[in-house]
Each structure stands twice: as structure tokens, then as C-alpha cells.
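Notes for the one structure printed next.
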Number of protein chains: 2
Amino acid sequence: MRVLEIGVAQLGPIDRSESRRSVVARLLALLHRAADRRCTVVVFPELALTTFFPRWFMGEGELDAFYENDMPNDATRPLFAEAKRLEISFYLGYAERLHTQDRTRRFNTSILVGPTGQIIGKYRKVHLPGHADHEPSRPFQHLEKRYFEPGDLGFPVWDALGGRMGMCLCNDRRWPETWRVMGLKGAELVMLGYNTPLHYPPVPQHDHLQSFHHLLPMQAAAYQNGLWIAAAAKAGVEEGCALLGHSCIIAPTGEIVALSSTLGDELITATADLDRCSEIRDHIFNFALHRQPQHYGVIAEMPDPVSGSDSHKPSGSP
Amino acid sequence: MRVLEIGVAQLGPIDRSESRRSVVARLLALLHRAADRRCTVVVFPELALTTFFPRWFMGEGELDAFYENDMPNDATRPLFAEAKRLEISFYLGYAERLHTQDRTRRFNTSILVGPTGQIIGKYRKVHLPGHADHEPSRPFQHLEKRYFEPGDLGFPVWDALGGRMGMCLCNDRRWPETWRVMGLKGAELVMLGYNTPLHYPPVPQHDHLQSFHHLLPMQAAAYQNGLWIAAAAKAGVEEGCALLGHSCIIAPTGEIVALSSTLGDELITATADLDRCSEIRDHIFNFALHRQPQHYGVIAEMPDPVSGSDSHKPSGSP
């Protein structure tokens, strides 16, 4: 038994005017609840320090207010300090800005902070959803493709917290490649945060399936890779935009073992035995025994720049 | 609208002593039910002509009785003829044996037969489950790795029945790579058959999840690739071994739109509009827009022959 007490700290809405000091006070309150429950790690949402700002089309100047140049910084140092005092590790999502010699780079980022307050790992969101240009006909924008570069770190894993840890963010969870890459690297717990509007303007006829489409790929991924998943929502009606709740903890069997039932600040917890990953990985999904990668090549092929990757001709013959 | 009326023809158990003539009569009865329902395609199970023989350890001679050397052959010609007369296409799974110059080859195979009675496509099961050696401690064997070679055709797709068709078999359905390869090739309907024992001897503590683990990866795959899935069970207690039912038809949203509710011969049907695939593929899973294959390389890497493919060192750093 290698047991983690996992806490997932869902956040209710963050107004655009809410200060980071106020948000960090909410994170601290959730951290204290987690300490009361003897959690050893707490997962906070994606972009957990501000409102979900990609819903607005903005110029550079206005946009700057939503990014962090350093981590920790003045606003988040109290969180780092208190987590260290309590010896609780945490996952935190935020908008990262860095200045290189010739340009400014922006990523949708998460970090894993260990029980000594050190940043153990950093992840930058690979699968950015939404669009790059202003689309005024939408009731709200989803400008992640404008405001961030795709992550340049791939899907690393880290030996920490007594096991092998992975991270991803929001839309990454829908893509089986996210999970398989980390599964192949031996991840035993993957943490993520998300901001998921209930309304998806391009295909509104699927809006009633939003929770199903959130849980389904993660449950499948947990089972198909034999790993634990801990997913934290920013939930509720934020600046007029309704966001999905259903923060969850999923076992390597694909079973949901904890699920949030509010749209506000809420802590859910579960006891996760990392040794249970082997119930899946040593048997039905024993990769070394059963995978047939000679037939998977197209998955990692770079797309034809002209026609895209989904333009393959049928290849079969009787 | 490009509409197919899909029939999934589940089979109850086939005794070891049941003749192919008797089995084909059952297939014909299901075909006639499908014709009454105006189906344009019918999906039969995996190894649909015999009992699920990999449950026994057998020598070459005894084993030979379960394979087909030719398709169609005397036993199956009536099925081909009647389907042609009714202008119904069908998917059929069977054990294939072929003699090459220097050896005998055996595959777990499926074919797609068009409305004119011609074989349009052939698929050979890539992901063989089970084990290669006799394990007498099991209550029943699962010797697919002994009795078949892994499929050598990859995952082809075929332009047929008014859309792009794919096939797989049983354990293939659990692997996200199966679906992604066909999804990238533009498959709109994937057909499969399966024989799934309720009891999995290596991990009996998951037996109660057998139906969940059957449906979950297919529902996720339908959604993640925007395609229809039609899956036909061999169900019921066959030679003392209980097999899962839950034959199903799944929409590109991941919703189950038809599900069998018996463990016997049963036809389920659904109306599938292939144009609905675009609701997923043009938006949330627009591959050309959102995939990041530069980070997927490990998925298609051939494993290190010494240590296997799941031996990667953690690659992250803060």
C-alpha cells in the first residue's frame, strides 16, 4: 500500500474584480479544510488565481493583469508558506508570462509544489481549445489559442509524493494521447484543473452532455492506463458564464470515487492506494505484453501542412 | 443526412457440438429479423461460427475443426446468398487459417460483406488478449495468444455503405489506439464483435465491472473520434463459461442509442446518420486544429526489447 490522501479543492466563480489576495484567502481556507481531513496533496483548478479571462477579447495592456511573471510571488507566497507549514503538496494552475530576449511568451501552466514548499514540476497546457480571433457572434469568447502558446514541455512525469505524478489541464483531459503518453511513462496519479463552460457555442445541441463529456474520457483514461485522476473545477456562474462543477477523483478502475455536488468552493477527498494501479497495468493493460505499436504510427505523425492529419485515404483491400 | 439502418445481431451461446449449419441457420434468422426492420447492415459477433474455443487447451488436430480455410465456404454460402438477395451488408467474425509455402497461419478475423455479396474488407485482430501457455489453475483458458497471430493488416478503413467503415474485434475495443488510428483515417462507423467472459481470473475483484469496462472505452472512443460504433456480443453461458451481453450501438456523442437486454440471440437496431460525425470532428475534436502530435511520439515507439515500453524514466524538471 502506497496511500495518498487526495484533496480536490473546487473553486466557485472568481469575479474579474476579485483581487489575488482575496482568491488566495479562499485557497488557504480550502487548504485548511484539507489539512483537517489529513490530505497529503491538494489539487486546485486551472487559472486558479483570476477569473477565466479568455472569455473576453482584450488588448495587450488589459490582458497583462491576468498573468504571473514569477511563482511564487507576493500574492501566492502565503499559500506556499502555509502548505509548507502543513507539509501538504499542491497542484496549482495559473497564467504564466515570461520575457525572453526577443519576445514575451505566455502559457497556461500548472505546477506541483512538494511538502517542503519547493516547486517539483511544471506543466504547460498542450491542447489549447477555442479560437485565436475575436468572434463577436459568440455570447462569450474562448480565446485560449490567442492568449497562450501550446505547451512546449510535452507531458513529463515526476517521482514525488511516494509515486509517479503527472499533470495536465482542462481540454487535455479529453484527448486519449494525453493519458497514454503519461501512462507509458508510468504515471500513477494525474492532477488537473479545468474551466468548462456549460455552453459550447459551435455545437449547442451537445450542451446537455457537458458533464458526461467531462467524466467519460477521464474514466476511460484511468482504466486504460491504470492510474488515479484528481480533477478540480472552477465552477458556477462566473461573470455571467456558467461553468461545470463535477470535480472528481477517479480510481484506476475508472470508477468515480469522489464527486463534488456544489458549484462553489468545495473540498472533496479520497484515499488513493497507488499500488492499485498494478491491478490494471499488470493484466488487461499490460503494455509490454499487449500493445502493438507497429500499427500506431499515424497517431504520432505530423500532419501534412496542406491537408491536415485527417485526410487519409482508405487503405484497406479485401 | 447519410443514414444507415444498423442492426447488431447478438448470439446466445454456441455449444461445442453445434454444427456450423445450425449456427448459420441462427444467423439467417437474425438476418431476416434485420430485413423486417429495414436494416442496411448487420453486425454479427467475433468467432461467430463456433463456440469460443480459446477457452480450451488443445492440440493441433483438435484445434483445426474451429478454423475456416475459405470464405465463403459451404457452411456460410447460404448466409452470403440470402444477404445478397436482401441487399443487406454484414460484418462477420471467424477463425481464419491459411496455408503459405512454409507454414500455417491463423488469425482472428472479421470481414465486411457488401450488399452484392462481395467481401469488401478484411480485418485481423491486432490486440490478442489472454495467454500463450496452458494455465491449468484457471477455471477456463484464454489462449488467443496461442491460437492466433496478431493481425498483420493494421486498422484499414473502407469507403462503403455510403460512408467510411472500419472494423475491429473484442479486446481491440479497449485500446484507444485502435480508435484513434481509424479516427485519423476518417472512419464514420466501426463494427466489432466480441466474446467477453464475465470472470477474469487474474483480477477477479473487477468482475462486477465487466459491463462498465466494456462500454466505457467504446463510449469514450465514439466521442473522442466522432464516429458510430456497432458492437455484437456472443452472450450467455457457453460451455459453462458466462459471457457478457450488452451488445450496443453508440452515437458519435458517446451516447448508447441501443443496448441488448438478453443473453440470447437478439437483434438491436438504430438509425445512424453518418453526417452527425461532423458535430464532433469539426469542433471539439477537430484533429487538424487541435492535435499536437509532436508530443505523441512515445505512443508509436517500438518498445525496448529488454525492458518493455513502460520503463520510461521521469522526464520532468521544474
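If you're wondering about the labels, chains in the C-alpha cells are A, B, ... by order shown, residues count from 1 in each chain, ligands from 1 in order shown.
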Note to self: To test your reading of the structure, identify every residue in region 145-196 of chain A that backbone DSSP assigns to helix (DSSP H, G or I), and report it as a count of residues only.
What the structure shows: 17
Margin query: Can you tell me which residues surround region 251-256 of chain B at a distance of at most 12 Å, considering only C-alpha atoms, apart from same-chain residues fewer than 4 positions away, and format the answer as number ranges by chain?
Written below: A: 203, 205-210, 212-217, 220; B: 6, 183, 187-190, 215-231, 246-247, 260, 268-281, 284-285
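The interatomic distance for the pair CA of Ile250 (chain B) and CA of Gly117 (chain B) works out to 26.2 Å.
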Next item on the list: Rounded to one decimal place, report the CA of Ala35 (chain A)-CA of Gly193 (chain A) distance in Å.
Entry: 19.9 Å
